[in-house]
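Trainee: Next up, data.cif (mmCIF, C-alpha atoms).
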data_my_file
loop_
_atom_site.label_atom_id
_atom_site.label_comp_id
_atom_site.auth_asym_id
_atom_site.auth_seq_id
_atom_site.Cartn_x
_atom_site.Cartn_y
_atom_site.Cartn_z
CA MET A 1 -3.37 -10.86 -7.29
CA TYR A 2 -0.97 -8.05 -6.50
CA GLY A 3 0.60 -8.93 -3.12
CA GLU A 4 1.88 -6.85 -0.23
CA ILE A 5 2.24 -3.09 -0.66
CA SER A 6 3.51 -0.18 1.45
CA PHE A 7 1.40 2.90 2.06
CA ASN A 8 3.91 4.98 0.09
CA GLU A 9 3.23 2.77 -2.91
CA THR A 10 -0.56 3.04 -2.55
CA ILE A 11 -0.30 6.82 -3.03
CA THR A 12 0.77 6.26 -6.63
CA LEU A 13 -2.20 4.00 -7.42
CA GLU A 14 -5.60 5.00 -8.77
CA ASP A 15 -9.01 3.55 -7.92
CA THR A 16 -8.12 1.77 -4.69
CA VAL A 17 -10.31 1.29 -1.63
CA PHE A 18 -8.85 0.61 1.82
CA ILE A 19 -10.68 -2.12 3.72
CA ASP A 20 -10.13 -2.08 7.47
CA ILE A 21 -10.84 -5.54 8.88
CA ARG A 22 -10.20 -4.58 12.51
CA SER A 23 -12.98 -4.51 15.08
CA PRO A 24 -15.40 -1.53 15.14
CA HIS A 25 -13.76 -0.12 18.29
CA GLU A 26 -10.30 -0.25 16.75
CA PHE A 27 -11.66 1.45 13.65
CA SER A 28 -13.27 4.23 15.73
CA GLN A 29 -9.94 5.03 17.38
CA GLY A 30 -8.24 5.85 14.08
CA SER A 31 -8.35 4.69 10.47
CA ILE A 32 -7.07 5.52 7.00
CA PRO A 33 -9.34 8.30 5.63
CA GLY A 34 -11.99 6.92 3.31
CA SER A 35 -11.48 3.32 4.40
CA ILE A 36 -14.41 0.95 4.89
CA ASN A 37 -14.71 -1.12 8.03
CA ILE A 38 -15.53 -4.76 7.34
CA PRO A 39 -14.56 -6.35 10.67
CA LEU A 40 -13.35 -9.90 10.85
CA PHE A 41 -14.21 -9.94 14.57
CA SER A 42 -16.68 -7.97 16.65
CA ASP A 43 -15.41 -6.04 19.68
CA GLU A 44 -16.65 -8.79 21.99
CA GLU A 45 -15.02 -11.55 19.92
CA ARG A 46 -11.72 -9.70 19.78
CA GLU A 47 -11.75 -9.30 23.55
CA ILE A 48 -12.36 -13.03 24.05
CA ILE A 49 -9.54 -13.92 21.66
CA GLY A 50 -7.20 -11.46 23.40
CA ILE A 51 -7.85 -13.00 26.82
CA LEU A 52 -7.24 -16.51 25.49
CA TYR A 53 -4.08 -15.42 23.67
CA LYS A 54 -2.39 -14.43 26.93
CA ASP A 55 -2.54 -18.03 28.17
CA ASP A 56 -2.67 -20.19 25.05
CA HIS A 57 -1.89 -18.92 21.54
CA GLN A 58 -3.22 -22.03 19.87
CA LYS A 59 -6.59 -21.90 21.65
CA ALA A 60 -6.91 -18.24 20.72
CA ARG A 61 -6.28 -19.03 17.04
CA ILE A 62 -8.87 -21.83 17.05
CA LYS A 63 -11.43 -19.58 18.73
CA GLY A 64 -10.70 -16.88 16.14
CA LEU A 65 -11.20 -19.42 13.34
CA ASN A 66 -14.55 -20.44 14.84
CA PHE A 67 -15.71 -16.83 15.01
CA ALA A 68 -14.55 -16.00 11.49
CA THR A 69 -15.69 -19.10 9.60
CA LYS A 70 -19.40 -18.29 9.58
CA LYS A 71 -18.73 -14.71 8.44
CA LEU A 72 -16.29 -15.43 5.63
CA PRO A 73 -18.76 -15.98 2.74
CA ASP A 74 -20.47 -12.61 3.29
CA LEU A 75 -17.19 -10.86 3.98
CA ILE A 76 -15.57 -12.20 0.80
CA GLU A 77 -18.69 -11.32 -1.21
CA ASN A 78 -18.57 -7.73 0.06
CA ILE A 79 -14.93 -7.36 -0.93
CA LYS A 80 -15.58 -8.99 -4.29
CA ASN A 81 -18.35 -6.50 -5.04
CA MET A 82 -16.05 -3.61 -4.18
CA SER A 83 -13.27 -5.01 -6.36
CA SER A 84 -15.47 -4.69 -9.45
CA GLN A 85 -14.99 -0.90 -9.28
CA LYS A 86 -11.88 -0.37 -7.17
CA THR A 87 -8.91 -2.47 -6.12
CA PRO A 88 -9.16 -3.42 -2.42
CA VAL A 89 -6.24 -2.87 -0.04
CA LEU A 90 -6.73 -4.91 3.14
CA TYR A 91 -5.27 -3.86 6.45
CA CYS A 92 -5.46 -4.78 10.14
CA TRP A 93 -3.41 -3.39 13.03
CA ARG A 94 0.08 -4.57 12.04
CA GLY A 95 -0.46 -6.43 8.79
CA GLY A 96 -0.47 -9.69 10.74
CA MET A 97 -2.68 -12.72 10.99
CA ARG A 98 -6.06 -11.11 10.28
CA SER A 99 -5.19 -9.39 7.02
CA THR A 100 -2.81 -12.16 5.94
CA SER A 101 -5.46 -14.87 6.42
CA LEU A 102 -8.14 -12.93 4.58
CA TYR A 103 -5.74 -11.98 1.81
CA SER A 104 -4.92 -15.67 1.31
CA LEU A 105 -8.62 -16.37 0.83
CA LEU A 106 -8.85 -13.61 -1.77
CA GLU A 107 -5.97 -15.26 -3.60
CA MET A 108 -7.79 -18.60 -3.56
CA MET A 109 -10.91 -16.90 -4.96
CA GLU A 110 -8.80 -15.06 -7.57
CA ILE A 111 -10.06 -11.69 -6.36
CA PRO A 112 -7.43 -9.03 -7.14
CA GLY A 113 -6.21 -6.85 -4.28
CA TYR A 114 -3.37 -5.86 -1.99
CA LYS A 115 -2.41 -6.32 1.66
CA LEU A 116 -1.02 -3.22 3.36
CA LYS A 117 2.46 -3.89 4.67
CA GLY A 118 2.66 -3.13 8.39
CA GLY A 119 -1.10 -2.47 8.60
CA TYR A 120 -2.60 0.63 10.17
CA LYS A 121 0.42 0.97 12.45
CA SER A 122 2.66 1.64 9.43
CA PHE A 123 0.19 4.22 8.11
CA ARG A 124 0.13 5.99 11.47
CA ARG A 125 3.94 6.06 11.53
CA PHE A 126 3.95 7.49 8.00
CA ILE A 127 1.56 10.31 8.98
CA LEU A 128 3.54 11.24 12.10
CA ASP A 129 6.79 11.31 10.11
CA GLN A 130 5.18 13.52 7.46
CA LEU A 131 3.81 16.02 9.98
CA ASP A 132 6.95 16.05 12.16
CA ASN A 133 9.11 16.91 9.14
CA TYR A 134 6.68 19.08 7.19
CA GLU A 135 8.11 22.29 5.72
CA LEU A 136 5.44 24.92 5.07
CA LYS A 137 7.07 27.20 2.50
CA LYS A 138 4.04 29.13 1.20
CA PRO A 139 2.40 32.25 2.68
CA VAL A 140 -0.34 31.68 5.24
CA PHE A 141 -3.20 34.14 5.77
CA VAL A 142 -4.76 33.87 9.23
CA LEU A 143 -8.32 34.93 10.08
CA ASN A 144 -8.61 36.26 13.62
CA GLY A 145 -11.56 37.76 15.43
CA LEU A 146 -13.68 37.63 18.56
CA THR A 147 -16.20 34.84 19.12
CA GLY A 148 -19.16 35.18 16.77
CA VAL A 149 -17.58 37.31 14.02
CA GLY A 150 -18.12 34.41 11.59
CA LYS A 151 -14.56 33.25 10.91
CA THR A 152 -15.66 29.72 10.00
CA GLU A 153 -18.54 30.96 7.85
CA VAL A 154 -16.19 33.30 5.96
CA LEU A 155 -13.66 30.47 5.59
CA HIS A 156 -16.32 28.22 4.04
CA ILE A 157 -17.30 30.94 1.57
CA LEU A 158 -13.64 31.32 0.61
CA THR A 159 -13.53 27.56 0.03
CA GLU A 160 -16.54 27.89 -2.29
CA MET A 161 -14.55 30.58 -4.14
CA ASP A 162 -11.82 27.95 -4.74
CA CYS A 163 -9.41 29.57 -2.31
CA PRO A 164 -6.97 27.12 -0.64
CA THR A 165 -8.38 26.88 2.88
CA ILE A 166 -7.82 24.50 5.80
CA ASP A 167 -10.78 24.24 8.16
CA LEU A 168 -9.02 23.10 11.32
CA GLU A 169 -12.17 23.17 13.43
CA GLY A 170 -13.96 21.08 10.80
CA LEU A 171 -11.12 18.55 10.78
CA ALA A 172 -11.14 18.46 14.59
CA CYS A 173 -14.97 18.27 14.82
CA HIS A 174 -14.75 20.96 17.49
CA ARG A 175 -15.28 24.73 17.40
CA GLY A 176 -12.29 25.37 19.59
CA SER A 177 -13.94 26.89 22.66
CA LEU A 178 -15.42 25.75 25.97
CA PHE A 179 -18.78 25.33 24.22
CA GLY A 180 -17.19 24.08 20.99
CA HIS A 181 -18.40 20.49 21.37
CA LEU A 182 -22.11 21.41 21.64
CA GLY A 183 -24.25 20.01 18.84
CA ILE A 184 -21.46 17.72 17.60
CA LYS A 185 -22.23 14.03 18.02
CA ASN A 186 -18.97 12.40 16.96
CA LEU A 187 -15.84 14.09 18.25
CA ARG A 188 -12.68 13.46 16.25
CA LYS A 189 -9.77 11.37 17.51
CA GLN A 190 -6.23 12.76 17.26
CA LYS A 191 -5.14 10.00 14.86
CA ASP A 192 -7.92 10.80 12.40
CA PHE A 193 -7.31 14.55 12.68
CA ASP A 194 -3.63 14.06 11.81
CA ALA A 195 -4.49 11.88 8.81
CA LEU A 196 -7.17 14.26 7.50
CA LEU A 197 -4.86 17.24 7.94
CA TRP A 198 -2.11 15.53 5.94
CA ASN A 199 -4.67 14.68 3.24
CA ARG A 200 -5.73 18.32 3.01
CA LEU A 201 -2.14 19.53 2.88
CA GLU A 202 -1.50 17.10 0.04
CA GLU A 203 -4.57 18.39 -1.82
CA LEU A 204 -3.22 21.94 -1.50
CA LYS A 205 0.48 21.22 -2.06
CA ASN A 206 0.50 23.16 -5.35
CA ALA A 207 -1.46 26.14 -3.99
CA ASP A 208 0.32 29.50 -3.85
CA TYR A 209 -0.89 30.22 -0.31
CA LEU A 210 -3.11 28.90 2.51
CA ILE A 211 -5.92 30.40 4.57
CA VAL A 212 -6.67 29.21 8.11
CA GLU A 213 -8.48 30.43 11.20
CA GLY A 214 -6.42 31.63 14.11
CA GLU A 215 -6.42 28.72 16.58
CA GLY A 216 -4.62 27.88 19.78
CA LYS A 217 -2.26 24.95 20.04
CA ARG A 218 -5.23 22.82 21.11
CA ILE A 219 -8.65 22.60 19.45
CA GLY A 220 -10.82 20.85 22.01
CA SER A 221 -8.85 17.70 22.80
CA ILE A 222 -6.96 17.84 19.49
CA TYR A 223 -3.42 19.19 19.16
CA GLN A 224 -2.31 20.70 15.89
CA PRO A 225 1.27 20.05 14.71
CA GLU A 226 3.99 22.49 15.69
CA PHE A 227 4.79 23.67 12.14
CA LEU A 228 1.21 24.76 11.57
CA PHE A 229 0.85 26.43 14.96
CA ARG A 230 4.01 28.43 14.27
CA ALA A 231 2.59 29.54 10.93
CA ILE A 232 -0.70 30.59 12.51
CA THR A 233 1.04 32.72 15.13
CA GLY A 234 3.60 34.25 12.80
CA GLU A 235 2.01 34.86 9.41
CA THR A 236 -0.18 37.56 7.80
CA ARG A 237 -3.12 38.24 10.10
CA ILE A 238 -6.54 39.56 9.11
CA LEU A 239 -8.87 40.77 11.86
CA LEU A 240 -12.59 40.23 11.34
CA THR A 241 -14.88 42.51 13.32
CA ALA A 242 -18.65 42.75 13.83
CA PRO A 243 -21.05 44.49 16.25
CA LEU A 244 -21.94 42.53 19.39
CA GLU A 245 -25.58 42.08 18.34
CA ASN A 246 -24.50 40.58 15.01
CA ARG A 247 -22.11 38.22 16.79
CA VAL A 248 -24.73 37.10 19.31
CA ASN A 249 -27.26 36.33 16.58
CA ARG A 250 -24.65 34.23 14.76
CA LEU A 251 -23.82 32.31 17.90
CA LEU A 252 -27.48 31.66 18.67
CA LYS A 253 -27.90 29.99 15.26
CA GLU A 254 -25.13 27.55 16.13
CA TYR A 255 -25.43 27.02 19.85
CA THR A 256 -29.07 27.51 20.96
CA PRO A 257 -29.96 24.34 22.95
CA SER A 258 -33.12 22.57 21.81
CA THR A 259 -33.28 19.51 24.09
CA PRO A 260 -32.92 18.90 27.84
CA GLY A 261 -29.66 17.09 27.14
CA GLU A 262 -28.22 20.09 25.29
CA ILE A 263 -29.32 22.46 28.06
CA LYS A 264 -27.53 20.20 30.54
CA LYS A 265 -24.33 20.41 28.51
CA VAL A 266 -24.54 24.22 28.41
CA GLU A 267 -25.06 24.24 32.18
CA GLU A 268 -21.99 22.03 32.70
CA ALA A 269 -19.88 24.30 30.49
CA ILE A 270 -21.02 27.42 32.35
CA LEU A 271 -20.12 25.86 35.71
CA LEU A 272 -16.55 25.38 34.50
CA LEU A 273 -16.21 29.16 34.25
CA GLU A 274 -16.68 29.77 37.99
CA LYS A 275 -12.96 29.86 38.71
CA TYR A 276 -12.59 32.68 36.16
CA LEU A 277 -15.73 34.73 36.77
CA GLY A 278 -16.84 33.96 40.33
CA LYS A 279 -19.92 32.29 41.73
CA GLU A 280 -22.21 35.34 41.55
CA THR A 281 -21.67 35.81 37.80
CA ILE A 282 -22.12 32.09 37.14
CA ASN A 283 -25.41 32.07 39.07
CA SER A 284 -26.67 34.95 36.91
CA PHE A 285 -25.65 33.01 33.78
CA LEU A 286 -27.53 29.93 35.00
CA MET A 287 -30.63 32.01 35.76
CA LEU A 288 -30.62 33.35 32.18
CA LEU A 289 -30.22 29.77 30.90
CA TYR A 290 -33.17 28.46 32.92
CA GLN A 291 -35.26 31.44 31.81
CA GLU A 292 -34.30 30.66 28.18
CA ASN A 293 -33.07 34.23 27.81
CA TYR A 294 -30.37 33.03 25.45
CA PHE A 295 -29.68 36.36 23.76
CA GLU A 296 -28.73 38.03 27.06
CA LEU A 297 -26.80 34.94 28.19
CA VAL A 298 -24.66 34.88 25.04
CA SER A 299 -24.18 38.66 25.18
CA GLN A 300 -22.82 38.44 28.71
CA LEU A 301 -20.63 35.44 27.90
CA CYS A 302 -19.08 37.44 25.07
CA ARG A 303 -18.51 40.59 27.11
CA LEU A 304 -17.40 39.04 30.39
CA TYR A 305 -15.50 35.98 29.20
CA TYR A 306 -14.68 35.53 25.50
CA ASP A 307 -13.79 39.13 24.66
CA ARG A 308 -11.32 39.15 27.54
CA LEU A 309 -9.95 35.72 26.67
CA TYR A 310 -9.00 36.23 23.03
CA SER A 311 -5.88 38.34 23.24
CA ASP A 312 -4.98 37.29 19.68
CA SER A 313 -7.87 39.45 18.48
CA ARG A 314 -6.75 42.69 20.14
CA PRO A 315 -5.12 45.21 17.78
CA GLY A 316 -3.06 46.64 20.66
CA LYS A 317 -1.23 43.34 21.20
CA ILE A 318 -1.07 41.86 17.70
CA LYS A 319 -0.18 43.44 14.36
CA PHE A 320 -2.93 42.98 11.79
CA GLU A 321 -2.40 43.62 8.11
CA LYS A 322 -6.08 44.13 7.38
CA PHE A 323 -9.28 44.94 9.31
CA ILE A 324 -12.53 43.69 7.76
CA ASP A 325 -16.13 44.08 8.92
CA SER A 326 -17.63 40.58 8.72
CA SER A 327 -21.25 41.55 9.41
CA ASN A 328 -21.89 40.38 5.85
CA SER A 329 -19.90 37.16 5.50
CA ARG A 330 -19.88 37.00 1.70
CA LYS A 331 -18.80 40.61 1.33
CA ALA A 332 -16.06 39.97 3.89
CA ALA A 333 -14.85 36.90 1.97
CA GLU A 334 -14.68 38.86 -1.27
CA GLU A 335 -12.70 41.62 0.44
CA ILE A 336 -10.31 39.05 1.93
CA ARG A 337 -9.75 37.40 -1.43
CA GLU A 338 -9.02 40.76 -3.05
CA PHE A 339 -6.59 41.67 -0.25
CA MET A 340 -4.73 38.35 -0.53
CA HIS A 341 -4.34 38.55 -4.29
CA LYS A 342 -3.06 42.13 -4.04
CA THR A 343 -0.64 41.16 -1.27
CA LEU A 344 0.74 38.26 -3.29
CA LYS A 345 1.03 40.39 -6.40
CA ASP A 346 2.86 43.14 -4.51
CA THR A 347 5.19 40.54 -3.01
CA ASP A 348 6.04 39.15 -6.46
CA LEU A 349 6.74 42.66 -7.76
CA ALA A 350 8.94 43.45 -4.77
CA GLU A 351 11.05 40.36 -5.39
CA VAL A 352 11.99 41.55 -8.90
CA SER A 353 12.08 45.29 -8.10
CA PRO A 354 15.37 47.11 -8.87
CA ILE A 355 15.23 48.41 -5.29
CA ASN A 356 16.16 44.92 -4.13
CA ILE A 357 19.19 44.69 -6.42
CA ARG A 358 22.40 45.85 -4.77
CA GLU A 359 24.89 47.75 -6.90
CA GLU A 360 28.36 46.34 -6.61
#
Using the file provided, produce a representation of the structure as structure tokens.
Mentor:
Amino acid sequence: MYGEISFNETITLEDTVFIDIRSPHEFSQGSIPGSINIPLFSDEEREIIGILYKDDHQKARIKGLNFATKKLPDLIENIKNMSSQKTPVLYCWRGGMRSTSLYSLLEMMEIPGYKLKGGYKSFRRFILDQLDNYELKKPVFVLNGLTGVGKTEVLHILTEMDCPTIDLEGLACHRGSLFGHLGIKNLRKQKDFDALLWNRLEELKNADYLIVEGEGKRIGSIYQPEFLFRAITGETRILLTAPLENRVNRLLKEYTPSTPGEIKKVEEAILLLEKYLGKETINSFLMLLYQENYFELVSQLCRLYYDRLYSDSRPGKIKFEKFIDSSNSRKAAEEIREFMHKTLKDTDLAEVSPINIREE
């Protein structure tokens, strides 16, 4: 056996697997990326134990033991099977009774593994400290553009080209607009977004630069950290452009509702726009929706709402270093990559240029 270990120490290890023994609901609210949920108690059992614990700690412990006893053989067997390939690291909420009790059983069974010191709470504190004190010292290239120009598609192609990208909307499980949740079943929690973002930053820590989409401070219900938002609003900006018809066709591929439930969600989103566009315009939008005239609906949404909303994609207000037609996403990605490499090369040359050396 290996004993108790801090999350900082786990970073230096190879071939470990985090095993979250909290209830399914706890796990859904935030977990260590890549961890496997093998709950000691179900959500219902945990609630019963919690109610008992308020009045009688001992009764709560006995009830917990009764719930856990029948599950232990299968639970131990699952962990044992995992330990044949990777070393398990057990954690609960605070590294308390649940993980300590199960870890003791692993010791008795001579199954090697660790117990995470401080549990998930210590991991969460680690992530917040990392993001609060993060210093982004490399250049950041920001892709801006009106709705439908294909920023995410271009970003994914750049990722395929081995460019160091961060897909913030992918991490947030939200496309960052009023309709950004449509078609997405499992929306991301803030805790998981923060952890996944830190993971990606660690993966790219040796990269010479980063590429991100231009995003607001909030992506759906998710808030990005201040250091990254500052970088997005202050770094090298590239404006992607495309004709309206091209944009609408792209949006229809992503957003066209195919079930009554999806149509209902589109309707609800449209109704939220009334305070911006007025009742008459909203009624015309709804009529197009009910008629399934989606092309005209999306066209009008772009012209009357989104194109007015995105001030960060207006050349008159923001300085852009490069304008690129993204009608062909792959061609646009190749042009972006070429522009970035030239920019970085020119920057390196400027740093050693005699022009920058003052004569005494």
Trainee: Env of Ile76 (chain A): 9 Å cut, atoms = only C-alpha atoms, seq-sep filter 4 positions within chain, self excluded. Answer as a PyMOL selection string.
Mentor: chain A and resi 71-72+80-81+102+105-106+109
Trainee: Apply the PyMOL selection byres ((chain A and resi 111) around 12) to the displayed file and report the matching residues as JSON, numbers by chain.
Mentor: {"A": [1, 2, 3, 76, 77, 78, 79, 80, 81, 82, 83, 84, 86, 87, 88, 89, 102, 103, 104, 105, 106, 107, 108, 109, 110, 112, 113, 114]}
Trainee: Extract, using all atoms listed in the file, all DNA, RNA and protein residues at most 10 Å from Cys92 (chain A), discarding same-chain residues fewer than 3 positions from it, and format them as a compact mmCIF listing (two decimals) with C-alpha atoms, in the frame of the given file.
Mentor:
# COMPACT_ATOMS: atom_id res chain seq x y z
CA ILE A 19 -10.68 -2.12 3.72
CA ASP A 20 -10.13 -2.08 7.47
CA ILE A 21 -10.84 -5.54 8.88
CA ARG A 22 -10.20 -4.58 12.51
CA SER A 23 -12.98 -4.51 15.08
CA GLU A 26 -10.30 -0.25 16.75
CA PHE A 27 -11.66 1.45 13.65
CA SER A 31 -8.35 4.69 10.47
CA PRO A 39 -14.56 -6.35 10.67
CA LEU A 40 -13.35 -9.90 10.85
CA GLY A 95 -0.46 -6.43 8.79
CA GLY A 96 -0.47 -9.69 10.74
CA MET A 97 -2.68 -12.72 10.99
CA ARG A 98 -6.06 -11.11 10.28
CA SER A 99 -5.19 -9.39 7.02
CA THR A 100 -2.81 -12.16 5.94
CA LYS A 115 -2.41 -6.32 1.66
CA LEU A 116 -1.02 -3.22 3.36
CA LYS A 117 2.46 -3.89 4.67
CA GLY A 118 2.66 -3.13 8.39
CA GLY A 119 -1.10 -2.47 8.60
CA TYR A 120 -2.60 0.63 10.17
CA LYS A 121 0.42 0.97 12.45
Trainee: Which residue out of A:Leu187, A:Val212, A:Ala332, A:Leu158 has the minimum interatomic distance to Arg237 (chain A) when all atoms listed in the file are used?
Mentor: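 Among the listed residues, A:Val212 lies closest to Arg237 (chain A).
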Trainee: Mind pulling up the distance from CA of Ser122 (chain A) to CA of Ile166 (chain A)?
Mentor: 25.4 Å
Trainee: Under the PyMOL selection byres ((chain A and resi 63) around 12), which residues of this model are included? Write them out as a list in words.
Mentor: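 With the shown file as input, the PyMOL selection byres ((chain A and resi 63) around 12) matches Phe41, Glu45, Arg46, Glu47, Ile48, Ile49, Gly50, Ile51, Leu52, Tyr53, Asp56, His57, Gln58, Lys59, Ala60, Arg61, Ile62, Gly64, Leu65, Asn66, Phe67, Ala68 and Thr69 of chain A.
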Trainee: Can you list what the PyMOL selection byres ((chain A and resi 193) around 9) grabs from this structure, as a short mmCIF file (atom, residue, chain, number, x, y, z; two decimals) with C-alpha atoms, in the coordinates of the input?
Mentor:
data_model
loop_
_atom_site.label_atom_id
_atom_site.label_comp_id
_atom_site.auth_asym_id
_atom_site.auth_seq_id
_atom_site.Cartn_x
_atom_site.Cartn_y
_atom_site.Cartn_z
CA GLY A 30 -8.24 5.85 14.08
CA LEU A 168 -9.02 23.10 11.32
CA LEU A 171 -11.12 18.55 10.78
CA ALA A 172 -11.14 18.46 14.59
CA CYS A 173 -14.97 18.27 14.82
CA ARG A 188 -12.68 13.46 16.25
CA LYS A 189 -9.77 11.37 17.51
CA GLN A 190 -6.23 12.76 17.26
CA LYS A 191 -5.14 10.00 14.86
CA ASP A 192 -7.92 10.80 12.40
CA ASP A 194 -3.63 14.06 11.81
CA ALA A 195 -4.49 11.88 8.81
CA LEU A 196 -7.17 14.26 7.50
CA LEU A 197 -4.86 17.24 7.94
CA TRP A 198 -2.11 15.53 5.94
CA ILE A 222 -6.96 17.84 19.49
CA TYR A 223 -3.42 19.19 19.16
CA GLN A 224 -2.31 20.70 15.89
#
Trainee: Pick the closest to Gly150 (chain A) from A:Arg247, A:Arg200, A:His174, A:Lys322: which is it, counting all atoms listed in the file?
Mentor: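 Using all atoms listed in the file, the shortest distance to Gly150 (chain A) belongs to A:Arg247.
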Trainee: Looking at all atoms listed in the file, which of A:Leu301, A:Ile219, A:Ile32, A:Ile324 is the one that sits closest to Val154 (chain A)?
Mentor: A:Ile324
Trainee: When distances are computed from all atoms listed in the file, which of A:Phe7, A:Ser28, A:Gln300, A:Leu136 shows the smallest separation from Asn186 (chain A)?
Mentor: A:Ser28
